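Listing of work.cif, mmCIF, C-alpha atoms and all ligand atoms
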data_start
#
loop_
_atom_site.label_atom_id
_atom_site.label_comp_id
_atom_site.auth_asym_id
_atom_site.auth_seq_id
_atom_site.Cartn_x
_atom_site.Cartn_y
_atom_site.Cartn_z
CA MET G 1 87.12 77.09 126.19
CA LEU G 2 87.95 80.27 128.12
CA CYS G 3 91.50 81.63 127.73
CA LEU G 4 93.08 84.46 129.71
CA GLY G 5 95.74 86.31 127.70
CA ILE G 6 98.53 88.29 129.36
CA GLU G 7 100.74 90.69 127.39
CA THR G 8 103.69 92.45 129.05
CA SER G 9 106.44 92.24 126.46
CA CYS G 10 107.05 95.98 126.20
CA ASP G 11 105.19 98.95 127.67
CA GLU G 12 101.55 97.87 127.70
CA THR G 13 100.14 95.77 130.51
CA ALA G 14 97.26 94.14 128.64
CA LEU G 15 94.92 91.32 129.62
CA ALA G 16 91.98 89.78 127.79
CA LEU G 17 89.51 86.93 127.91
CA VAL G 18 88.80 84.97 124.74
CA ARG G 19 86.09 82.30 124.74
CA ASP G 20 86.11 79.80 121.87
CA GLY G 21 88.06 82.23 119.68
CA ARG G 22 85.87 85.27 120.36
CA LEU G 23 86.84 88.27 122.49
CA VAL G 24 84.89 88.53 125.75
CA ALA G 25 86.62 91.49 127.41
CA GLU G 26 89.97 93.23 127.64
CA ARG G 27 91.82 95.72 129.79
CA MET G 28 94.99 97.65 129.13
CA ALA G 29 97.22 99.94 131.19
CA SER G 30 99.37 101.85 128.73
CA GLN G 31 102.67 103.28 129.92
CA ALA G 32 103.04 105.55 126.88
CA ARG G 33 102.92 108.72 129.00
CA VAL G 34 105.56 107.40 131.40
CA HIS G 35 108.02 106.79 128.57
CA SER G 36 106.98 109.60 126.22
CA VAL G 37 109.38 112.16 127.66
CA PHE G 38 112.33 109.75 127.34
CA GLY G 39 111.79 109.23 123.60
CA GLY G 40 111.62 105.44 124.09
CA VAL G 41 110.78 102.72 126.60
CA VAL G 42 112.91 102.69 129.77
CA PRO G 43 113.07 98.92 130.54
CA GLU G 44 113.34 99.13 134.33
CA LEU G 45 110.44 101.58 134.58
CA ALA G 46 108.40 99.32 132.31
CA SER G 47 108.91 96.24 134.53
CA ARG G 48 108.00 98.15 137.67
CA ARG G 49 104.84 99.53 136.09
CA HIS G 50 103.76 96.06 134.94
CA LEU G 51 104.31 94.76 138.45
CA SER G 52 102.15 97.42 140.06
CA ALA G 53 99.36 97.28 137.44
CA ILE G 54 98.85 93.62 136.64
CA LYS G 55 96.94 92.35 139.68
CA SER G 56 94.27 95.06 139.74
CA LEU G 57 93.93 94.97 135.95
CA CYS G 58 93.21 91.25 136.14
CA SER G 59 90.60 91.68 138.89
CA ASP G 60 89.00 94.51 136.94
CA LEU G 61 88.87 92.40 133.78
CA LEU G 62 87.20 89.45 135.52
CA ASP G 63 84.77 91.62 137.51
CA GLY G 64 83.81 93.62 134.43
CA ALA G 65 83.13 90.47 132.42
CA GLY G 66 81.34 88.80 135.34
CA VAL G 67 83.72 85.86 135.04
CA ASP G 68 84.83 83.79 138.00
CA MET G 69 88.52 82.92 137.98
CA SER G 70 87.71 79.25 138.45
CA SER G 71 86.06 79.13 135.00
CA ILE G 72 89.31 79.96 133.17
CA ASP G 73 90.57 76.94 131.18
CA ARG G 74 93.98 78.18 129.99
CA ILE G 75 96.45 80.87 131.08
CA CYS G 76 98.21 82.26 128.00
CA ALA G 77 101.12 84.70 128.33
CA ALA G 78 103.46 86.38 125.86
CA ARG G 79 106.82 84.66 126.50
CA GLY G 80 108.91 86.65 123.97
CA PRO G 81 110.53 88.21 122.20
CA GLY G 82 110.43 91.37 124.29
CA LEU G 83 112.00 93.20 127.20
CA LEU G 84 113.15 90.48 129.57
CA GLY G 85 112.18 92.18 132.83
CA SER G 86 108.73 93.02 131.48
CA LEU G 87 108.14 89.51 130.15
CA LEU G 88 109.14 88.01 133.51
CA VAL G 89 106.44 90.01 135.30
CA GLY G 90 103.68 88.71 133.01
CA LEU G 91 105.06 85.19 132.93
CA GLY G 92 105.48 85.05 136.71
CA PHE G 93 101.90 86.22 137.17
CA ALA G 94 100.69 83.67 134.61
CA LYS G 95 102.56 80.84 136.31
CA GLY G 96 101.09 81.78 139.69
CA LEU G 97 97.58 81.68 138.24
CA ALA G 98 98.17 78.42 136.37
CA LEU G 99 99.51 76.81 139.54
CA GLY G 100 96.78 78.19 141.78
CA LEU G 101 93.93 77.30 139.42
CA ASP G 102 95.54 74.03 138.31
CA VAL G 103 95.06 74.81 134.63
CA PRO G 104 97.59 74.56 131.76
CA LEU G 105 99.98 77.40 130.97
CA ILE G 106 100.59 78.38 127.34
CA GLY G 107 103.54 80.58 126.40
CA VAL G 108 102.75 82.59 123.28
CA ASN G 109 105.16 83.90 120.66
CA HIS G 110 104.41 87.64 120.66
CA LEU G 111 105.17 87.98 116.92
CA HIS G 112 102.90 85.12 115.91
CA ALA G 113 100.20 86.58 118.15
CA HIS G 114 100.39 89.87 116.20
CA LEU G 115 99.99 88.04 112.88
CA LEU G 116 97.10 85.87 114.07
CA ALA G 117 95.24 88.75 115.80
CA PRO G 118 92.94 89.51 112.83
CA GLY G 119 91.53 85.99 113.31
CA LEU G 120 89.48 87.58 116.10
CA GLU G 121 87.68 89.65 113.45
CA ARG G 122 87.47 87.28 110.48
CA ASP G 123 88.40 83.81 109.26
CA LEU G 124 92.03 83.64 108.18
CA LYS G 125 92.97 81.58 105.13
CA PHE G 126 96.19 79.57 105.07
CA PRO G 127 98.70 79.48 103.54
CA CYS G 128 99.17 83.23 103.30
CA LEU G 129 101.88 85.88 103.50
CA GLY G 130 102.36 88.02 106.60
CA LEU G 131 104.02 91.42 106.97
CA LEU G 132 104.90 92.14 110.58
CA VAL G 133 105.89 95.75 111.26
CA SER G 134 106.39 96.64 114.90
CA GLY G 135 108.77 98.48 117.20
CA GLY G 136 111.20 95.57 117.31
CA HIS G 137 110.54 93.69 114.07
CA THR G 138 110.04 94.13 110.35
CA GLN G 139 109.57 90.72 108.77
CA ILE G 140 107.84 89.01 105.87
CA TYR G 141 106.49 85.55 106.64
CA TYR G 142 105.13 82.60 104.73
CA ILE G 143 102.43 81.27 107.07
CA ARG G 144 101.38 77.69 106.30
CA SER G 145 99.06 77.31 109.30
CA PRO G 146 98.53 79.04 112.68
CA ARG G 147 101.52 77.04 113.95
CA GLU G 148 103.87 77.12 110.94
CA PHE G 149 105.65 80.41 110.31
CA GLU G 150 108.63 80.79 107.96
CA VAL G 151 110.59 84.06 107.92
CA LEU G 152 111.30 85.08 104.30
CA GLY G 153 113.03 88.35 105.11
CA GLY G 154 113.66 90.75 107.95
CA THR G 155 115.43 93.92 108.89
CA LEU G 156 119.21 94.01 108.89
CA ASP G 157 119.25 96.87 111.41
CA ASP G 158 116.40 99.08 112.70
CA ALA G 159 112.82 97.87 112.62
CA ALA G 160 110.31 100.16 110.90
CA GLY G 161 108.74 101.18 114.24
CA GLU G 162 112.18 101.77 115.71
CA ALA G 163 112.99 104.11 112.80
CA PHE G 164 109.73 105.98 113.46
CA ASP G 165 110.60 106.28 117.15
CA LYS G 166 114.18 107.42 116.51
CA VAL G 167 113.20 109.98 113.88
CA ALA G 168 110.53 111.27 116.27
CA LYS G 169 113.12 111.56 119.01
CA CYS G 170 115.45 113.65 116.84
CA LEU G 171 112.50 115.97 116.13
CA ASN G 172 111.67 116.08 119.88
CA LEU G 173 108.31 114.42 119.20
CA PRO G 174 107.03 112.12 121.97
CA TYR G 175 107.15 108.34 122.15
CA PRO G 176 105.61 106.29 120.50
CA GLY G 177 106.95 108.30 117.59
CA GLY G 178 105.02 106.53 114.84
CA VAL G 179 101.72 107.77 116.20
CA PHE G 180 102.81 111.42 116.15
CA ILE G 181 104.68 111.26 112.82
CA ASP G 182 101.57 109.67 111.30
CA ARG G 183 99.40 112.50 112.66
CA LEU G 184 101.76 115.23 111.43
CA ALA G 185 102.24 113.55 108.04
CA SER G 186 98.51 113.38 107.44
CA GLN G 187 98.39 117.21 107.59
CA ALA G 188 100.58 117.43 104.45
CA GLY G 189 98.95 118.35 101.18
CA PRO G 190 99.34 116.38 97.94
CA GLY G 191 102.41 116.83 95.78
CA GLU G 192 104.89 117.25 98.63
CA PRO G 193 108.54 116.73 97.60
CA ASP G 194 110.31 113.38 98.02
CA LEU G 195 113.06 114.48 100.38
CA PHE G 196 114.41 110.96 100.94
CA SER G 197 114.77 107.86 98.80
CA CYS G 198 113.42 104.41 99.64
CA PRO G 199 116.19 102.49 101.42
CA TYR G 200 117.58 99.10 100.41
CA VAL G 201 115.23 98.35 97.55
CA ASP G 202 117.77 98.06 94.69
CA ASN G 203 118.39 94.37 95.32
CA ASP G 204 116.37 91.22 94.84
CA ASN G 205 115.84 90.18 98.46
CA LEU G 206 113.02 90.50 100.96
CA ASP G 207 115.11 92.13 103.69
CA PHE G 208 114.92 95.68 105.00
CA SER G 209 117.35 98.31 106.23
CA PHE G 210 115.93 101.47 107.77
CA SER G 211 118.95 102.83 109.65
CA GLY G 212 120.29 104.74 106.61
CA LEU G 213 116.95 106.45 106.11
CA LYS G 214 116.84 107.32 109.80
CA THR G 215 120.33 108.86 109.55
CA ALA G 216 119.37 110.78 106.38
CA VAL G 217 116.41 112.32 108.22
CA ALA G 218 118.55 113.07 111.29
CA ASN G 219 121.16 114.83 109.09
CA TYR G 220 118.44 116.80 107.32
CA VAL G 221 117.00 117.90 110.66
CA ARG G 222 120.42 118.83 112.02
CA SER G 223 121.15 121.00 108.98
CA ARG G 224 117.97 123.03 109.61
CA PRO G 225 118.07 124.65 113.04
CA GLY G 226 114.58 125.36 114.36
CA LEU G 227 112.99 122.40 112.56
CA ALA G 228 112.95 120.14 115.63
CA LEU G 229 110.76 121.20 118.56
CA GLU G 230 112.90 123.00 121.14
CA SER G 231 112.45 120.25 123.75
CA LEU G 232 110.87 116.81 124.03
CA LYS G 233 107.10 117.32 124.22
CA GLU G 234 104.17 115.22 125.40
CA ASP G 235 102.11 116.09 122.32
CA ILE G 236 102.44 117.68 118.89
CA PRO G 237 101.85 121.42 118.45
CA ASP G 238 98.40 122.65 117.39
CA ASN G 239 99.83 124.60 114.47
CA PRO G 240 102.95 122.73 113.42
CA ASP G 241 105.66 124.27 111.25
CA PRO G 242 104.81 123.30 107.61
CA GLU G 243 108.43 122.21 107.14
CA LEU G 244 108.07 119.79 110.08
CA VAL G 245 104.91 118.40 108.46
CA ARG G 246 106.77 118.06 105.13
CA VAL G 247 109.65 116.13 106.68
CA CYS G 248 107.32 113.78 108.58
CA ALA G 249 105.26 113.19 105.45
CA ALA G 250 108.35 112.50 103.33
CA PHE G 251 109.77 110.03 105.86
CA ASN G 252 106.38 108.35 106.41
CA ARG G 253 105.86 107.98 102.66
CA CYS G 254 109.33 106.52 102.25
CA VAL G 255 108.78 103.83 104.89
CA ALA G 256 105.34 102.96 103.50
CA ARG G 257 106.62 102.72 99.91
CA THR G 258 109.60 100.61 100.95
CA LEU G 259 107.32 98.15 102.74
CA ARG G 260 105.05 98.09 99.69
CA ILE G 261 107.95 97.39 97.30
CA LYS G 262 109.21 94.44 99.34
CA LEU G 263 105.75 93.04 99.96
CA GLU G 264 104.98 93.24 96.24
CA ARG G 265 108.21 91.35 95.57
CA ALA G 266 107.09 88.62 97.98
CA LEU G 267 103.67 88.48 96.29
CA ASN G 268 105.39 87.97 92.92
CA ARG G 269 107.29 85.00 94.31
CA PHE G 270 104.63 83.26 96.39
CA ASP G 271 101.32 84.29 94.80
CA PRO G 272 99.17 83.85 97.94
CA SER G 273 95.43 84.53 98.00
CA SER G 274 95.74 86.74 101.08
CA VAL G 275 98.25 88.76 103.06
CA ILE G 276 98.09 89.68 106.74
CA VAL G 277 99.64 92.97 107.88
CA ALA G 278 100.22 93.26 111.62
CA GLY G 279 102.12 95.06 114.39
CA GLY G 280 102.06 98.65 115.65
CA VAL G 281 103.21 100.20 112.36
CA ALA G 282 100.25 98.52 110.59
CA ALA G 283 98.17 101.28 112.25
CA ASN G 284 99.94 103.82 110.01
CA SER G 285 97.45 105.54 107.72
CA ARG G 286 99.82 105.97 104.76
CA LEU G 287 100.93 102.34 104.96
CA ARG G 288 97.31 101.17 105.13
CA SER G 289 96.41 103.12 101.99
CA GLU G 290 99.55 102.00 100.08
CA LEU G 291 98.89 98.34 100.90
CA SER G 292 95.16 98.59 100.16
CA ASP G 293 96.10 100.01 96.77
CA LEU G 294 98.61 97.20 96.19
CA ALA G 295 96.13 94.49 97.20
CA GLY G 296 93.43 96.05 94.98
CA SER G 297 95.74 96.11 91.97
CA ARG G 298 96.75 92.46 92.56
CA GLY G 299 93.28 91.18 93.35
CA ILE G 300 94.36 89.61 96.65
CA GLU G 301 92.69 89.80 100.03
CA LEU G 302 94.39 92.24 102.39
CA VAL G 303 93.89 91.40 106.06
CA LEU G 304 94.41 94.63 107.98
CA PRO G 305 93.36 94.42 111.63
CA ASP G 306 91.52 97.23 113.33
CA THR G 307 94.12 99.72 114.63
CA GLY G 308 93.49 98.66 118.26
CA LEU G 309 94.54 95.13 117.32
CA CYS G 310 97.72 96.34 115.56
CA THR G 311 99.55 97.65 118.63
CA ASP G 312 100.30 95.36 121.59
CA ASN G 313 97.15 93.98 123.22
CA GLY G 314 95.99 91.11 125.39
CA ALA G 315 93.36 89.83 122.96
CA MET G 316 95.95 88.67 120.43
CA VAL G 317 97.78 86.68 123.12
CA ALA G 318 94.58 85.06 124.37
CA TYR G 319 93.55 84.24 120.80
CA ALA G 320 96.94 82.78 119.78
CA GLY G 321 96.89 80.79 123.04
CA TYR G 322 93.39 79.54 122.23
CA LEU G 323 94.57 78.23 118.83
CA LEU G 324 97.45 76.39 120.52
CA ALA G 325 95.14 75.00 123.21
CA ARG G 326 92.77 73.74 120.54
CA ALA G 327 95.71 71.88 119.01
CA GLY G 328 96.27 70.23 122.41
CA LEU G 329 99.46 72.13 123.22
CA CYS G 330 100.71 73.69 126.46
CA HIS G 331 103.86 74.39 128.48
CA ASP G 332 105.29 73.31 131.82
CA LEU G 333 105.72 75.80 134.65
CA ASP G 334 109.46 75.93 133.93
CA LEU G 335 108.76 77.86 130.71
CA GLU G 336 111.41 80.52 130.03
CA ALA G 337 111.02 84.06 128.75
CA VAL G 338 112.84 84.91 125.51
CA PRO G 339 114.44 88.37 125.20
CA ARG G 340 114.57 90.49 122.06
CA GLY G 341 116.96 89.23 119.41
CA ARG G 342 116.59 85.56 120.32
CA GLN G 343 114.54 83.00 118.45
CA VAL G 344 111.42 81.83 120.30
CA PRO G 345 111.50 78.00 120.26
CA PHE G 346 108.44 75.94 119.35
CA ASP G 347 108.76 73.82 122.50
CA TYR G 348 105.15 72.93 123.32
CA LEU G 349 104.13 69.81 125.16
CA GLN G 350 101.09 67.71 124.47
CA CYS G 351 98.51 68.72 127.07
CA PRO G 352 97.68 65.86 129.48
CA ALA G 353 94.38 64.25 128.41
CA GLU G 354 92.48 65.28 131.53
CA GLN G 355 93.31 68.93 130.93
CA SER G 356 92.55 69.19 127.20
O1 LIG M 1 103.54 96.19 117.93
P1 LIG M 1 103.85 97.30 118.87
O2 LIG M 1 102.73 97.92 119.67
O3 LIG M 1 104.96 96.90 119.89
C1 LIG M 1 106.03 96.05 119.55
O4 LIG M 1 105.84 94.82 119.58
O5 LIG M 1 107.08 96.63 119.17
O6 LIG M 1 104.56 98.41 117.98
C2 LIG M 1 104.99 99.61 118.53
C3 LIG M 1 105.56 100.43 117.39
C4 LIG M 1 106.23 101.71 117.87
O7 LIG M 1 107.51 101.79 117.26
C5 LIG M 1 105.31 102.81 117.37
O8 LIG M 1 105.99 104.01 117.05
C6 LIG M 1 104.71 102.16 116.14
O9 LIG M 1 104.51 100.82 116.51
N1 LIG M 1 103.43 102.76 115.76
C7 LIG M 1 103.24 103.40 114.60
C8 LIG M 1 101.90 103.87 114.63
N2 LIG M 1 101.32 103.47 115.80
C9 LIG M 1 102.29 102.80 116.49
N3 LIG M 1 104.07 103.63 113.58
C10 LIG M 1 103.60 104.34 112.53
N4 LIG M 1 102.33 104.83 112.48
C11 LIG M 1 101.46 104.62 113.49
N5 LIG M 1 100.22 105.10 113.42
ZN ZN M 2 104.21 93.94 119.58
#

Mind turning this structure into structure tokens?
Amino acid sequence: MLCLGIETSCDETALALVRDGRLVAERMASQARVHSVFGGVVPELASRRHLSAIKSLCSDLLDGAGVDMSSIDRICAARGPGLLGSLLVGLGFAKGLALGLDVPLIGVNHLHAHLLAPGLERDLKFPCLGLLVSGGHTQIYYIRSPREFEVLGGTLDDAAGEAFDKVAKCLNLPYPGGVFIDRLASQAGPGEPDLFSCPYVDNDNLDFSFSGLKTAVANYVRSRPGLALESLKEDIPDNPDPELVRVCAAFNRCVARTLRIKLERALNRFDPSSVIVAGGVAANSRLRSELSDLAGSRGIELVLPDTGLCTDNGAMVAYAGYLLARAGLCHDLDLEAVPRGRQVPFDYLQCPAEQS
């Protein structure tokens, strides 16, 4: 079965072909440079960029893979949560293809797609725990099967990635902030001071709160004139101020340790044999080493996708769509996009027999 995946929920226009659960080819047009000087994604610009990129990206993907459009069996598109205007571009394109090719449409939950993405690289074992850390979400899941996700805890305010982006913005580092804070933090030597304390860990829940930490960093930066770069840049300096490196490292460490503390708490309660870590922040080097250490000490399998599979991509959407298609599920062409902050319903239809 050949599935085309379409991802346009934020600032990456990404398409991929997955055949029988294996990646065939993918293409991505990143808008990071467009948004970098604004310190975050500008929704209207994002939608316009998706609109102008998607058609040629699709042709390029098919040509490069030597695949004829008529051999596609399912059109799978991220249907939320995400930026509404951006989602509508991808979904509209997907609907046009599904109608024109007369093949089923499958709307994919972007968050579930992140968590299932490592299935492209290895067999996933269920049930398991999932830690999703992205620009819009920080959640711990109990995952019974590829279609059964239960949220055990989530952020009460900023997502981890959002905190990275906002701290980067107050330092005049470019968007996506996590990438640049990670790079600066990795230049810090051992034994750097803990400038900030782990937020919202003195409780017994699995929720997160990163806005206080973000404010603590912002106040620290404000009290030290000259620490932030003098204007918003497109890249980090070649020889950064050691104090800037120290602050980035302290913040990075704090986020990574907080995620580790809450994940360890979840492991104590659910005792799974494996845990999947997914989303853009899962590319963070400090987080990866903290969680590898945790998994090693607990003797559980840590499923950490390759960094290219952590951030938004088309392969994860095609793969999640493939798993749904294999279960005989699809959507009608009246499928709606779901904006950020709203729950994505599990509203699949049984695929008509002649199409499955
Ligand atoms: O999953 P993703 O690509 O998009 C959403 O669904 O939100 O995640 C984007 C987020 C951004 O906030 C970005 O700053 C963060 O992931 N990110 C990182 C790293 N790479 C991307 N955060 C920390 N360290 C990184 N290396
Ligand atoms: Zn994402």

- Kindly indicate which residue among G:Asp306, G:Glu192, G:Glu44, G:Asp157 lies nearest to Gly119 (chain G), using all atoms listed in the file for the distances.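 Using all atoms listed in the file, Gly119 (chain G) sits closest to G:Asp306.
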
Any chance you could tabulate, as JSON lines, the residues of chain G at most 9 Å from ligand ZN 2 (chain M) with each one's nearest atom pair and distance in Å to one decimal, using only C-alpha atoms and all ligand atoms, in chain and rising number order?
{"residue": "G:Ser9", "atom": "CA", "partner": "M:ZN2", "partner_atom": "ZN", "distance": 7.4}
{"residue": "G:Cys10", "atom": "CA", "partner": "M:ZN2", "partner_atom": "ZN", "distance": 7.5}
{"residue": "G:Pro81", "atom": "CA", "partner": "M:ZN2", "partner_atom": "ZN", "distance": 8.9}
{"residue": "G:Gly82", "atom": "CA", "partner": "M:ZN2", "partner_atom": "ZN", "distance": 8.2}
{"residue": "G:His110", "atom": "CA", "partner": "M:ZN2", "partner_atom": "ZN", "distance": 6.4}
{"residue": "G:Leu111", "atom": "CA", "partner": "M:ZN2", "partner_atom": "ZN", "distance": 6.6}
{"residue": "G:Ala113", "atom": "CA", "partner": "M:ZN2", "partner_atom": "ZN", "distance": 8.5}
{"residue": "G:His114", "atom": "CA", "partner": "M:ZN2", "partner_atom": "ZN", "distance": 6.5}
{"residue": "G:Val133", "atom": "CA", "partner": "M:ZN2", "partner_atom": "ZN", "distance": 8.7}
{"residue": "G:Ser134", "atom": "CA", "partner": "M:ZN2", "partner_atom": "ZN", "distance": 5.8}
{"residue": "G:Gly135", "atom": "CA", "partner": "M:ZN2", "partner_atom": "ZN", "distance": 6.9}
{"residue": "G:Gly136", "atom": "CA", "partner": "M:ZN2", "partner_atom": "ZN", "distance": 7.5}
{"residue": "G:His137", "atom": "CA", "partner": "M:ZN2", "partner_atom": "ZN", "distance": 8.4}
{"residue": "G:Ala278", "atom": "CA", "partner": "M:ZN2", "partner_atom": "ZN", "distance": 8.9}
{"residue": "G:Gly279", "atom": "CA", "partner": "M:ZN2", "partner_atom": "ZN", "distance": 5.7}
{"residue": "G:Gly280", "atom": "CA", "partner": "M:ZN2", "partner_atom": "ZN", "distance": 6.5}
{"residue": "G:Cys310", "atom": "CA", "partner": "M:ZN2", "partner_atom": "ZN", "distance": 8.0}
{"residue": "G:Thr311", "atom": "CA", "partner": "M:ZN2", "partner_atom": "ZN", "distance": 6.0}
{"residue": "G:Asp312", "atom": "CA", "partner": "M:ZN2", "partner_atom": "ZN", "distance": 4.6}
{"residue": "G:Asn313", "atom": "CA", "partner": "M:ZN2", "partner_atom": "ZN", "distance": 7.9}

Can you pull out the residues contacting Val275 (chain G)? Cut-off 8 Å, using all atoms listed in the file, and skip same-chain residues under 5 positions away; I want them as a PDB file with C-alpha atoms, keeping the file's coordinate frame.
ATOM      1  CA  CYS G 128      99.170  83.230 103.300  1.00  0.00           C
ATOM      2  CA  LEU G 129     101.880  85.880 103.500  1.00  0.00           C
ATOM      3  CA  GLY G 130     102.360  88.020 106.600  1.00  0.00           C
ATOM      4  CA  LEU G 131     104.020  91.420 106.970  1.00  0.00           C
ATOM      5  CA  ILE G 300      94.360  89.610  96.650  1.00  0.00           C
ATOM      6  CA  GLU G 301      92.690  89.800 100.030  1.00  0.00           C
ATOM      7  CA  LEU G 302      94.390  92.240 102.390  1.00  0.00           C
ATOM      8  CA  VAL G 303      93.890  91.400 106.060  1.00  0.00           C
TER       9      VAL G 303
END

- Task: Quick one: pull the distance between CA of Asp20 (chain G) and atom O4 of ligand LIG 1 (chain M), Å, one decimal.
- Result: 24.9 Å

- Between G:Gly5, G:Gly107, G:Gly64, G:Gly90, which has the minimum distance to Asp347 (chain G) (counting all atoms listed in the file)? G:Gly107

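Counting only C-alpha atoms and all ligand atoms, the residue from G:Leu23, G:Leu309, G:Ala218, G:Ala327 that sits nearest to ligand LIG 1 (chain M) is G:Leu309.
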
- Among listed residues G:Gly92, G:Gly153, G:Gly39, G:Pro225, nearest Tyr175 (chain G) (using all atoms listed in the file):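 The shortest atom-to-atom distance to Tyr175 (chain G) comes from G:Gly39.
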
- Identify, on the basis of only C-alpha atoms, every residue whose closest approach to region 47-61 of chain G does not exceed 7 Å; exclude the query and any residue fewer than 3 positions from it along the same chain; express the result as a list in words.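 Listed by chain and then number, they are Thr8, Thr13, Leu15, Ala25, Glu26, Arg27, Pro43, Glu44, Gly64, Ala65, Gly85, Ser86 and Val89 of chain G.
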
Could you write out as AutoDock Vina command-line options the box around ligand LIG 1 (chain M) (axis-aligned, all atoms listed in the file, 8 Å on each side), with centre and edge lengths in Å to one decimal?
--center_x 103.9 --center_y 100.0 --center_z 116.2 --size_x 23.3 --size_y 26.3 --size_z 23.4

- Task: Have a look at CA of Ser223 (chain G) and CA of Asp165 (chain G) and let me know their distance in Å, one decimal.
- Result: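 Between CA of Ser223 (chain G) and CA of Asp165 (chain G) the gap works out to 19.9 Å.
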
- Task: Name the closest residue to Asp194 (chain G) among the candidates G:Arg257, G:Thr155, G:Val221, G:His331; distances are taken between atoms, counting all atoms listed in the file.
- Result: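 So, comparing all the options, the nearest one is G:Arg257.
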
Put region 201-222 of chain G into a file with C-alpha atoms, as a PDB file, in the first residue's frame.
ATOM      1  CA  VAL G 201       8.332  19.428  40.189  1.00  0.00           C
ATOM      2  CA  ASP G 202       7.462  19.667  43.919  1.00  0.00           C
ATOM      3  CA  ASN G 203       4.090  17.986  43.468  1.00  0.00           C
ATOM      4  CA  ASP G 204       2.962  14.471  42.660  1.00  0.00           C
ATOM      5  CA  ASN G 205       1.439  15.007  39.216  1.00  0.00           C
ATOM      6  CA  LEU G 206       2.598  14.463  35.648  1.00  0.00           C
ATOM      7  CA  ASP G 207       1.881  18.007  34.468  1.00  0.00           C
ATOM      8  CA  PHE G 208       4.346  20.698  33.460  1.00  0.00           C
ATOM      9  CA  SER G 209       4.631  24.464  33.796  1.00  0.00           C
ATOM     10  CA  PHE G 210       7.430  26.213  31.948  1.00  0.00           C
ATOM     11  CA  SER G 211       6.220  29.822  31.950  1.00  0.00           C
ATOM     12  CA  GLY G 212       7.772  30.611  35.361  1.00  0.00           C
ATOM     13  CA  LEU G 213      11.150  29.335  34.202  1.00  0.00           C
ATOM     14  CA  LYS G 214      10.838  31.389  31.029  1.00  0.00           C
ATOM     15  CA  THR G 215      10.088  34.506  33.108  1.00  0.00           C
ATOM     16  CA  ALA G 216      13.009  33.762  35.464  1.00  0.00           C
ATOM     17  CA  VAL G 217      15.373  33.622  32.479  1.00  0.00           C
ATOM     18  CA  ALA G 218      13.855  36.783  30.966  1.00  0.00           C
ATOM     19  CA  ASN G 219      14.328  38.644  34.292  1.00  0.00           C
ATOM     20  CA  TYR G 220      17.904  37.393  34.560  1.00  0.00           C
ATOM     21  CA  VAL G 221      18.632  38.592  31.021  1.00  0.00           C
ATOM     22  CA  ARG G 222      16.999  41.966  31.645  1.00  0.00           C
TER      23      ARG G 222
END
